[in-house]
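**Student:** Input run_12.cif, format and content: mmCIF, C-alpha atoms.
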```
data_input
loop_
_atom_site.label_atom_id
_atom_site.label_comp_id
_atom_site.auth_asym_id
_atom_site.auth_seq_id
_atom_site.Cartn_x
_atom_site.Cartn_y
_atom_site.Cartn_z
CA MET A 1 -5.61 234.60 31.57
CA SER A 2 -6.20 235.90 35.06
CA ARG A 3 -8.44 238.85 34.17
CA GLU A 4 -11.50 238.73 31.94
CA PRO A 5 -12.42 242.07 30.44
CA THR A 6 -16.00 243.31 30.58
CA LEU A 7 -17.80 244.68 27.53
CA ASP A 8 -18.20 248.11 29.19
CA GLU A 9 -14.49 248.27 29.78
CA LEU A 10 -13.75 247.41 26.16
CA ILE A 11 -16.16 249.62 24.24
CA GLY A 12 -17.60 252.02 26.80
CA ALA A 13 -21.32 252.43 27.32
CA GLY A 14 -22.04 253.71 23.81
CA ALA A 15 -23.87 250.80 22.22
CA THR A 16 -27.48 250.14 23.20
CA GLY A 17 -30.40 247.89 22.32
CA ALA A 18 -29.99 245.26 19.62
CA GLU A 19 -26.46 246.37 18.77
CA ARG A 20 -25.37 245.98 22.38
CA GLU A 21 -26.95 242.54 22.55
CA GLN A 22 -25.09 241.48 19.43
CA LEU A 23 -21.77 242.78 20.76
CA GLN A 24 -22.38 241.12 24.12
CA LYS A 25 -22.93 237.78 22.38
CA ALA A 26 -19.69 238.10 20.39
CA HIS A 27 -17.92 239.15 23.61
CA GLU A 28 -19.13 236.06 25.47
CA LEU A 29 -18.18 233.73 22.62
CA LEU A 30 -14.67 235.22 22.52
CA LEU A 31 -14.27 234.58 26.24
CA GLN A 32 -15.58 231.04 25.85
CA ALA A 33 -13.39 230.27 22.83
CA GLY A 34 -10.12 231.40 24.39
CA ALA A 35 -7.06 232.56 22.51
CA PRO A 36 -6.22 230.95 19.19
CA PRO A 37 -2.86 229.26 19.47
CA GLU A 38 0.28 230.75 18.05
CA LEU A 39 0.77 229.27 14.60
CA PRO A 40 4.12 227.47 14.24
CA PRO A 41 6.22 228.68 11.29
CA GLN A 42 5.83 225.30 9.56
CA LEU A 43 2.09 225.94 9.22
CA LEU A 44 2.28 229.45 7.83
CA LYS A 45 2.27 228.04 4.30
CA PRO A 46 -0.17 225.41 3.06
CA PRO A 47 1.17 221.93 2.51
CA GLY A 48 2.26 221.13 -1.02
CA VAL A 49 -0.27 219.34 -3.16
CA GLU A 50 2.19 216.48 -3.07
CA VAL A 51 1.21 216.01 0.53
CA ALA A 52 -2.14 214.60 -0.51
CA ARG A 53 -0.46 212.00 -2.70
CA ARG A 54 2.08 211.28 -0.05
CA GLN A 55 -0.74 210.69 2.43
CA ARG A 56 -2.24 208.08 0.10
CA ARG A 57 1.09 206.35 -0.31
CA ARG A 58 1.46 206.50 3.42
CA VAL A 59 -1.72 204.42 3.87
CA VAL A 60 -0.25 201.62 1.76
CA LYS A 61 3.05 201.96 3.55
CA ARG A 62 1.25 201.86 6.88
CA ARG A 63 -0.29 198.47 6.07
CA THR A 64 3.12 197.06 5.27
CA LEU A 65 4.53 198.57 8.37
CA ALA A 66 1.72 197.07 10.44
CA LEU A 67 3.04 193.61 9.60
CA LEU A 68 6.53 194.57 10.58
CA ALA A 69 5.19 196.16 13.73
CA ALA A 70 3.58 192.90 14.77
CA ALA A 71 6.99 191.25 14.59
CA LEU A 72 8.44 193.96 16.76
CA ILE A 73 5.80 193.67 19.46
CA VAL A 74 7.71 191.03 21.36
CA ALA A 75 10.74 193.25 21.51
CA LEU A 76 8.63 196.25 22.52
CA VAL A 77 6.99 194.36 25.34
CA PHE A 78 10.41 193.70 26.74
CA VAL A 79 11.46 197.35 26.38
CA ALA A 80 8.18 198.59 27.87
CA GLY A 81 8.57 196.29 30.84
CA TYR A 82 12.04 197.62 31.37
CA GLY A 83 10.74 201.19 31.16
CA VAL A 84 7.92 200.59 33.60
CA ALA A 85 10.37 199.16 36.08
CA ASN A 86 12.27 202.42 35.91
CA LEU A 87 9.27 204.71 36.36
CA ARG A 88 9.04 206.39 39.68
CA ASN A 89 6.23 205.11 41.90
CA GLY A 90 4.56 203.55 38.90
CA GLN A 91 3.55 206.98 37.53
CA SER A 92 3.27 207.17 33.76
CA LYS A 93 2.47 210.87 33.48
CA PRO A 94 5.29 213.37 33.73
CA THR A 95 5.32 215.33 36.93
CA ALA A 96 6.77 218.77 37.46
CA ALA A 97 10.02 218.90 39.36
CA ALA A 98 9.85 222.65 39.83
CA VAL A 99 8.02 225.73 38.64
CA LEU A 100 9.79 229.06 38.27
CA ALA A 101 7.98 232.39 37.90
CA LEU A 102 9.67 235.00 35.71
CA LYS A 103 8.93 238.69 35.43
CA GLY A 104 9.77 241.22 32.74
CA THR A 105 12.77 243.50 33.20
CA ALA A 106 12.70 247.19 32.34
CA LEU A 107 13.05 246.20 28.66
CA GLU A 108 9.79 244.22 28.72
CA PRO A 109 7.93 245.43 31.82
CA ARG A 110 4.64 243.78 30.81
CA ALA A 111 6.10 240.37 30.13
CA ARG A 112 5.73 237.50 32.55
CA ALA A 113 6.26 233.77 32.33
CA SER A 114 6.27 230.50 34.17
CA LEU A 115 8.86 227.84 33.51
CA VAL A 116 7.84 224.30 34.39
CA LEU A 117 10.72 221.91 34.86
CA TRP A 118 9.75 218.26 34.38
CA HIS A 119 11.58 215.24 35.75
CA PRO A 120 14.57 214.28 33.60
CA TYR A 121 15.11 211.38 31.28
CA ASP A 122 18.50 210.38 29.86
CA GLY A 123 20.08 213.48 31.34
CA ASN A 124 17.60 215.87 29.72
CA TRP A 125 15.25 218.05 31.73
CA PRO A 126 12.17 218.85 29.65
CA MET A 127 10.83 222.34 30.31
CA THR A 128 7.64 224.14 29.33
CA LEU A 129 7.80 227.91 29.14
CA ASN A 130 4.45 229.75 29.26
CA VAL A 131 5.05 233.37 28.35
CA VAL A 132 2.87 236.41 27.73
CA GLY A 133 3.51 240.07 26.96
CA LEU A 134 6.80 239.82 25.07
CA SER A 135 7.18 242.09 22.06
CA LYS A 136 7.44 240.86 18.52
CA LEU A 137 11.06 241.20 17.44
CA PRO A 138 12.51 242.40 14.13
CA PRO A 139 13.59 239.75 11.62
CA GLN A 140 16.62 237.62 12.57
CA THR A 141 16.28 238.42 16.26
CA TYR A 142 14.85 236.02 18.79
CA TYR A 143 14.51 235.17 22.46
CA GLU A 144 16.88 232.72 24.13
CA VAL A 145 16.41 230.86 27.41
CA TYR A 146 19.60 230.52 29.48
CA LEU A 147 20.40 228.42 32.51
CA VAL A 148 22.01 230.55 35.23
CA ARG A 149 24.19 229.10 37.99
CA ASP A 150 25.76 231.15 40.78
CA GLY A 151 24.76 234.33 39.01
CA ARG A 152 26.50 233.39 35.74
CA ILE A 153 25.04 232.16 32.50
CA LEU A 154 25.90 228.50 32.09
CA GLY A 155 24.30 227.52 28.81
CA SER A 156 21.39 227.83 26.43
CA CYS A 157 18.21 225.79 26.78
CA GLY A 158 16.65 226.87 23.48
CA SER A 159 15.26 229.83 21.63
CA PHE A 160 11.89 231.04 20.38
CA ARG A 161 10.11 233.91 18.67
CA VAL A 162 6.75 235.55 19.30
CA SER A 163 4.42 237.24 16.85
CA GLY A 164 2.89 239.51 19.47
CA PRO A 165 2.34 239.89 23.19
CA HIS A 166 -0.27 237.15 23.47
CA ALA A 167 0.24 233.92 25.41
CA LEU A 168 2.67 231.39 23.99
CA THR A 169 3.81 227.97 25.18
CA VAL A 170 7.24 226.69 24.19
CA LYS A 171 8.83 223.34 24.91
CA LEU A 172 12.52 223.42 25.79
CA THR A 173 15.19 221.15 27.22
CA ALA A 174 17.94 221.70 29.75
CA PRO A 175 20.63 219.15 28.80
CA TYR A 176 22.66 219.81 31.95
CA ALA A 177 23.16 218.22 35.34
CA LEU A 178 21.04 220.66 37.31
CA ARG A 179 21.82 221.71 40.85
CA ARG A 180 19.81 223.25 43.63
CA GLY A 181 19.79 227.02 43.16
CA ASP A 182 19.97 226.88 39.37
CA THR A 183 17.69 229.38 37.68
CA TRP A 184 16.86 230.74 34.21
CA VAL A 185 16.61 234.02 32.34
CA VAL A 186 15.30 234.94 28.91
CA THR A 187 17.38 237.26 26.74
CA ARG A 188 16.86 239.12 23.51
CA GLN A 189 19.36 238.02 20.85
CA GLY A 190 20.38 240.18 17.95
CA PRO A 191 21.26 238.82 14.51
CA GLY A 192 24.46 236.80 14.44
CA THR A 193 25.28 237.18 18.13
CA LYS A 194 26.58 234.21 20.08
CA GLU A 195 26.86 235.96 23.45
CA PRO A 196 23.79 236.27 25.68
CA GLY A 197 21.85 239.42 24.87
CA GLU A 198 19.95 241.76 27.17
CA THR A 199 17.79 240.05 29.79
CA VAL A 200 14.06 240.52 29.25
CA LEU A 201 12.70 238.01 31.79
CA GLU A 202 14.26 237.19 35.13
CA PRO A 203 13.20 235.10 38.14
CA VAL A 204 10.62 236.81 40.34
CA SER A 205 12.61 236.17 43.50
CA THR A 206 15.70 238.13 42.39
CA MET B 1 -4.74 238.53 -46.07
CA ARG B 2 -4.57 242.10 -47.30
CA LYS B 3 -7.80 243.50 -48.74
CA ASP B 4 -7.63 245.49 -52.00
CA LYS B 5 -10.03 248.30 -52.76
CA GLY B 6 -11.76 246.31 -55.45
CA ASP B 7 -12.52 243.33 -53.29
CA MET B 8 -16.19 242.63 -52.64
CA GLU B 9 -17.54 241.98 -49.23
CA LEU B 10 -19.11 238.55 -49.30
CA ALA B 11 -22.01 237.91 -47.04
CA ILE B 12 -21.33 234.31 -46.36
CA GLU B 13 -21.87 232.40 -43.24
CA VAL B 14 -18.64 231.54 -41.65
CA PRO B 15 -18.82 228.21 -39.92
CA GLN B 16 -18.02 228.21 -36.24
CA PRO B 17 -14.61 226.80 -35.64
CA ARG B 18 -14.73 223.29 -34.27
CA LEU B 19 -12.06 223.87 -31.74
CA ARG B 20 -13.00 226.32 -29.10
CA ALA B 21 -10.68 227.77 -26.55
CA VAL B 22 -11.33 226.31 -23.13
CA PRO B 23 -12.57 229.20 -21.00
CA ALA B 24 -10.11 230.09 -18.31
CA PRO B 25 -11.56 229.61 -14.85
CA ALA B 26 -13.03 232.79 -13.48
CA ALA B 27 -10.59 234.74 -11.33
CA LEU B 28 -10.93 233.95 -7.68
CA SER B 29 -12.01 236.73 -5.40
CA PRO B 30 -10.45 236.71 -1.94
CA ASP B 31 -14.03 237.22 -0.73
CA ALA B 32 -15.22 234.00 -2.37
CA SER B 33 -17.40 231.94 -0.06
CA ASP B 34 -16.07 228.79 1.55
CA ALA B 35 -18.44 226.74 -0.61
CA GLU B 36 -17.09 228.35 -3.80
CA LEU B 37 -13.55 227.70 -2.67
CA LEU B 38 -14.32 224.07 -1.86
CA ALA B 39 -15.85 223.58 -5.30
CA ARG B 40 -12.65 224.93 -6.86
CA VAL B 41 -10.45 222.82 -4.59
CA GLY B 42 -12.50 219.86 -5.79
CA GLU B 43 -11.21 220.74 -9.28
CA GLN B 44 -7.65 220.75 -7.88
CA ASP B 45 -7.39 224.54 -7.87
CA ARG B 46 -4.27 225.34 -5.89
CA GLU B 47 -5.11 229.03 -5.45
CA ALA B 48 -8.50 228.24 -3.91
CA PHE B 49 -6.81 225.76 -1.60
CA GLU B 50 -4.39 228.42 -0.41
CA ILE B 51 -7.20 230.87 0.37
CA LEU B 52 -9.12 228.17 2.22
CA TYR B 53 -5.96 227.22 4.11
CA GLY B 54 -5.47 230.83 5.22
CA ARG B 55 -9.01 230.95 6.57
CA TYR B 56 -8.97 227.64 8.38
CA VAL B 57 -5.41 226.84 9.46
CA ARG B 58 -5.79 228.48 12.87
CA PRO B 59 -9.15 226.88 13.71
CA VAL B 60 -7.82 223.48 12.60
CA PHE B 61 -4.61 223.89 14.60
CA SER B 62 -6.55 225.08 17.63
CA LEU B 63 -8.88 222.08 17.40
CA ALA B 64 -5.95 219.70 16.97
CA LEU B 65 -4.10 221.20 19.92
CA ARG B 66 -7.18 220.87 22.14
CA ARG B 67 -7.69 217.24 21.22
CA LEU B 68 -4.07 216.09 21.03
CA GLY B 69 -2.44 218.36 23.62
CA ASP B 70 0.89 218.25 21.85
CA ARG B 71 2.10 220.81 19.36
CA GLY B 72 4.10 218.33 17.28
CA HIS B 73 1.18 215.95 16.87
CA ALA B 74 -1.15 218.91 16.27
CA GLU B 75 1.07 220.20 13.45
CA ASP B 76 1.03 216.76 11.82
CA ALA B 77 -2.74 216.57 12.25
CA VAL B 78 -3.15 219.95 10.50
CA GLN B 79 -1.14 218.70 7.53
CA GLU B 80 -3.23 215.54 7.42
CA ALA B 81 -6.50 217.45 7.75
CA PHE B 82 -5.67 219.71 4.81
CA ALA B 83 -4.43 216.77 2.76
CA ALA B 84 -7.82 215.15 3.43
CA ILE B 85 -9.59 218.36 2.40
CA TRP B 86 -7.59 218.47 -0.84
CA ARG B 87 -8.42 214.84 -1.59
CA SER B 88 -12.10 214.88 -0.74
CA ALA B 89 -13.25 218.41 -1.58
CA SER B 90 -14.99 217.09 -4.72
CA THR B 91 -17.34 215.07 -2.48
CA TYR B 92 -18.70 218.20 -0.80
CA ARG B 93 -22.34 218.88 -1.68
CA PRO B 94 -23.57 222.38 -0.72
CA GLU B 95 -27.19 221.18 -0.52
CA ARG B 96 -26.25 218.89 2.36
CA GLY B 97 -24.87 221.60 4.61
CA ALA B 98 -22.60 224.58 4.99
CA ALA B 99 -18.96 224.37 3.97
CA GLY B 100 -17.77 225.33 7.47
CA GLY B 101 -19.53 222.32 8.97
CA TRP B 102 -18.11 219.99 6.32
CA LEU B 103 -14.59 221.29 6.91
CA TYR B 104 -15.02 220.88 10.67
CA THR B 105 -16.04 217.25 10.18
CA VAL B 106 -13.12 216.46 7.85
CA ALA B 107 -10.64 218.16 10.18
CA ARG B 108 -12.06 216.48 13.27
CA ASN B 109 -11.89 213.06 11.61
CA ALA B 110 -8.26 213.59 10.63
CA ILE B 111 -7.46 214.65 14.20
CA VAL B 112 -9.30 211.67 15.68
CA ASP B 113 -7.38 209.36 13.33
CA ARG B 114 -4.12 210.78 14.61
CA LEU B 115 -5.31 210.51 18.20
CA ARG B 116 -6.05 206.83 17.64
CA ARG B 117 -2.63 206.27 16.12
CA ASN B 118 -0.70 208.09 18.82
CA GLY B 119 -2.87 207.78 21.87
CA PRO B 120 -3.46 210.88 23.99
CA THR B 121 -0.37 212.65 25.28
CA ALA B 122 0.16 213.27 28.93
CA ASP B 123 -0.45 217.01 28.54
CA ALA B 124 -3.84 216.49 26.94
CA GLU B 125 -4.99 214.29 29.75
CA LEU B 126 -3.73 216.25 32.71
CA PRO B 127 -6.83 217.49 34.54
CA GLU B 128 -6.24 220.13 37.17
CA LEU B 129 -9.41 219.34 39.08
CA ALA B 130 -11.07 216.09 38.22
CA SER B 131 -14.46 217.16 39.58
CA VAL B 132 -14.83 220.18 37.32
CA GLU B 133 -13.44 218.56 34.18
CA PRO B 134 -16.01 218.98 31.37
CA GLY B 135 -17.59 215.85 29.98
CA PRO B 136 -17.25 214.74 26.35
CA GLU B 137 -20.35 216.64 25.23
CA GLN B 138 -19.21 219.86 26.84
CA ARG B 139 -15.74 219.41 25.40
CA ALA B 140 -17.18 218.86 21.95
CA GLU B 141 -19.31 221.98 22.29
CA ASP B 142 -16.36 224.04 23.54
CA SER B 143 -14.26 222.80 20.62
CA TYR B 144 -16.98 223.79 18.19
CA VAL B 145 -17.38 227.25 19.71
CA SER B 146 -13.60 227.78 19.47
CA TRP B 147 -13.65 226.56 15.88
CA ARG B 148 -16.39 229.03 14.92
CA VAL B 149 -14.88 231.98 16.78
CA HIS B 150 -11.34 231.38 15.55
CA ARG B 151 -12.65 231.05 12.01
CA ALA B 152 -14.66 234.28 12.39
CA LEU B 153 -11.55 236.09 13.66
CA GLU B 154 -10.06 235.55 10.21
CA GLU B 155 -12.79 237.83 8.84
CA LEU B 156 -11.56 240.82 10.83
CA GLN B 157 -9.31 243.51 9.47
CA PRO B 158 -5.78 243.09 10.87
CA ARG B 159 -6.02 246.28 12.94
CA GLU B 160 -9.31 245.13 14.49
CA ARG B 161 -7.99 241.67 15.13
CA GLU B 162 -4.89 243.05 16.82
CA VAL B 163 -6.85 245.07 19.40
CA ILE B 164 -9.31 242.21 19.99
CA GLU B 165 -6.49 239.73 20.65
CA LEU B 166 -4.70 242.13 22.97
CA ALA B 167 -7.87 243.12 24.81
CA TYR B 168 -9.05 239.56 25.40
CA TRP B 169 -5.94 237.46 25.74
CA SER B 170 -2.93 239.54 26.73
CA GLY B 171 -4.24 240.54 30.13
CA MET B 172 -3.77 244.22 29.28
CA SER B 173 -6.36 246.89 30.03
CA GLN B 174 -7.60 249.06 27.15
CA SER B 175 -5.36 251.89 28.36
CA GLU B 176 -2.39 249.54 28.32
CA VAL B 177 -3.32 248.32 24.83
CA ALA B 178 -3.54 251.96 23.67
CA GLU B 179 -0.13 252.70 25.16
CA TYR B 180 1.36 249.52 23.74
CA LEU B 181 0.11 250.26 20.22
CA GLY B 182 0.77 253.99 20.50
CA LEU B 183 -2.86 254.80 19.72
CA PRO B 184 -5.39 257.07 21.43
CA LEU B 185 -7.65 255.15 23.84
CA GLY B 186 -10.70 256.21 21.81
CA THR B 187 -9.26 254.61 18.67
CA VAL B 188 -8.62 251.35 20.51
CA LYS B 189 -12.22 251.30 21.78
CA THR B 190 -13.62 252.14 18.35
CA ARG B 191 -11.59 249.35 16.72
CA THR B 192 -12.64 246.91 19.43
CA ARG B 193 -16.28 247.83 18.87
CA SER B 194 -16.12 247.54 15.09
CA GLY B 195 -14.19 244.27 15.43
CA LEU B 196 -16.82 242.84 17.76
CA ALA B 197 -19.59 243.94 15.40
CA ARG B 198 -17.84 242.30 12.44
CA LEU B 199 -17.26 239.17 14.47
CA ALA B 200 -20.92 239.04 15.52
CA ALA B 201 -21.98 239.43 11.89
CA ALA B 202 -19.59 236.69 10.77
CA LEU B 203 -20.86 234.33 13.46
CA GLU B 204 -24.45 235.12 12.62
CA GLY B 205 -23.87 234.82 8.88
CA GLU B 206 -22.50 231.30 9.02
CA SER B 207 -25.04 228.54 8.92
CA LEU B 208 -23.14 225.66 10.37
#
```
Could you spell out this file's structure in structure tokens?

**Tutor:**
Amino acid sequence: MSREPTLDELIGAGATGAEREQLQKAHELLLQAGAPPELPPQLLKPPGVEVARRQRRRVVKRRTLALLAAALIVALVFVAGYGVANLRNGQSKPTAAAVLALKGTALEPRARASLVLWHPYDGNWPMTLNVVGLSKLPPQTYYEVYLVRDGRILGSCGSFRVSGPHALTVKLTAPYALRRGDTWVVTRQGPGTKEPGETVLEPVST
Amino acid sequence: MRKDKGDMELAIEVPQPRLRAVPAPAALSPDASDAELLARVGEQDREAFEILYGRYVRPVFSLALRRLGDRGHAEDAVQEAFAAIWRSASTYRPERGAAGGWLYTVARNAIVDRLRRNGPTADAELPELASVEPGPEQRAEDSYVSWRVHRALEELQPREREVIELAYWSGMSQSEVAEYLGLPLGTVKTRTRSGLARLAAALEGESL
């Protein structure tokens, strides 16, 4: 977050003495802790009790698999060597191919985002969308990220939801042969619609 | 048996029945302490587990995300951490320390196990500036502060939590938060203040 709020700004100058000290401490800890991450839908409900048993079975299974894994090592070494030979400049960490800044349209004026485009593998371009300020949508509606070429929507790169305007990071993929000048927009999709909805985030340069 | 008028009341001692109904476990209060919940989870109480999950899923996920740097691995680690809690809750001894600290240790161990299995992901290891990257001790302390604060956030009322999250992490000013929520600015400030006070009390009250 670019701007850290001050305690005065948040609560005014009302609190004094010990109360103020206590609030200041909580304020500093909140700043230090940072935002809690958005909880993925899979984690909204606790795991079934079965999970615990499954975990135990998994340990036994893991031991068996370890033996099989040893037999596969030779094959993996070959595959890894092949992969390394294909890595660019010997780099093992992904590097960004491009970063695109997006700003909210009149529908979501406070929203902003950055879209990081990573180098492709097997024809897929991994992307990371960091977004903040988008509104929570009603049930069955969602946000969709579209690839735009020559001013026209070419195809979808994935969809996501938010539970509020706080920061969210989403991983997406562009399974297209990208060209110079390609760009992206984020739209708001209503229930059951296949066509691109209204644009809520667009590239800063346009 | 029906009693007739002429029947005498006999003052005899009725023997206690041999079979006694097993007392139903006391109803769980949503305000039950973490230690109480852990004790119940140790007896395989599903309801207690669900309450505990609600309180700790965000801190555990946050911790996992910090350490693993990958949402998919972090989600798996959360499942594993709670499975470990379910399995080992009966080993928790309140006299040895607070429940929050015990849960932190179990969660951290599950996350470290996953880290060992997967190896760190590229995202987790991407430093922006090598020279200012915190060392392991600082990282551990930061993780622990986040754990405590994110856990304490669960103690807030939803309306307090909402304004705190918007004020601290959305980048909006208090006026913008007020406009966004359709509330008077004074109400937003009052809720922020009461939320901070509740948070401070929760952080002070825990003895981790």

**Student:** For the structure shown, which residues end up in the PyMOL selection byres ((chain B) within 7 of (chain A))? Put them as a list in words, please?

**Tutor:**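 Taken over the shown coordinates, the PyMOL selection byres ((chain B) within 7 of (chain A)) returns Glu50, Tyr53, Arg58, Ser62, Gln79, Ala83, Ala84, Trp86, Arg87, Ala122, Asp142, Val145, Ser146, Val149, His150, Leu166, Tyr168, Trp169, Ser170, Gly171, Gln174, Lys189, Thr190, Thr192, Arg193, Leu196, Ala197, Leu199 and Ala200 of chain B.
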
**Student:** Determine the residue set returned by the PyMOL selection byres ((chain A and resi 153) around 12) for the present structure, and present it as a list of chain:residue names.

**Tutor:**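 Selected by the PyMOL selection byres ((chain A and resi 153) around 12) here: A:Glu144, A:Val145, A:Tyr146, A:Leu147, A:Val148, A:Arg149, A:Asp150, A:Gly151, A:Arg152, A:Leu154, A:Gly155, A:Ser156, A:Cys157, A:Asp182, A:Thr183, A:Trp184, A:Val185, A:Val186, A:Thr187, A:Glu195, A:Pro196, A:Gly197, A:Thr199.
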
**Student:** To one decimal place, how far is CA of Arg148 in chain B from CA of Leu203 in chain B in Å?

**Tutor:**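 Distance reported for this atom pair: 7.1 Å.
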
**Student:** How far is it from CA of His119 in chain A to CA of Leu100 in chain A, in Å with one decimal?

**Tutor:**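 So the two atoms, CA of His119 in chain A and CA of Leu100 in chain A, lie 14.2 Å apart.
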
**Student:** What does the distance between CA of Val106 in chain B and CA of Ile85 in chain B come to in Å, to one decimal place?

**Tutor:**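 These atoms are spaced 6.8 Å apart.
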
**Student:** Enumerate, as a PyMOL selection string, the residues matched when the PyMOL selection byres ((chain B and resi 154) around 10) is run on the file above.

**Tutor:** chain B and resi 54-59+149-153+155-158+161+199+202

**Student:** Tell me which of B:Ala110, B:Ala39, B:Ala64, B:Ala77 sits closest to Ala89 in chain B, counting all atoms listed in the file.

**Tutor:**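 When distances to Ala89 in chain B are compared using all atoms listed in the file, the smallest one comes from B:Ala39.
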
**Student:** Tell me which of B:Ser88, B:Ser143, B:Ser194, B:Ser29 sits closest to Tyr104 in chain B, counting all atoms listed in the file.

**Tutor:**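 The answer is B:Ser143, which sits nearest to Tyr104 in chain B.
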
**Student:** Between B:Ala32, B:Val163, B:Ala140, B:Val41, which has the minimum distance to Val188 in chain B (counting only C-alpha atoms)?

**Tutor:**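 The closest residue to Val188 in chain B is B:Val163.
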
**Student:** Go through A:Glu198, A:Tyr143, A:Leu178, A:Leu172 and flag the residue nearest Ala97 in chain A, using all atoms listed in the file for the distances.

**Tutor:**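 Ranked by minimum distance to Ala97 in chain A, first place goes to A:Leu178.
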
**Student:** Ranking A:Leu201, A:Ala106, A:Leu168, A:Ala13 by minimum distance to Val131 in chain A and counting all atoms listed in the file, which one comes first?

**Tutor:**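 Residue with the minimum atom-to-atom distance to Val131 in chain A: A:Leu168.
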
**Student:** May I ask which of the residues B:Glu165, B:Val60, B:Arg117, B:Arg159 is the closest one to Thr187 in chain B, counting all atoms listed in the file?

**Tutor:**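 Nearest to Thr187 in chain B: B:Arg159.
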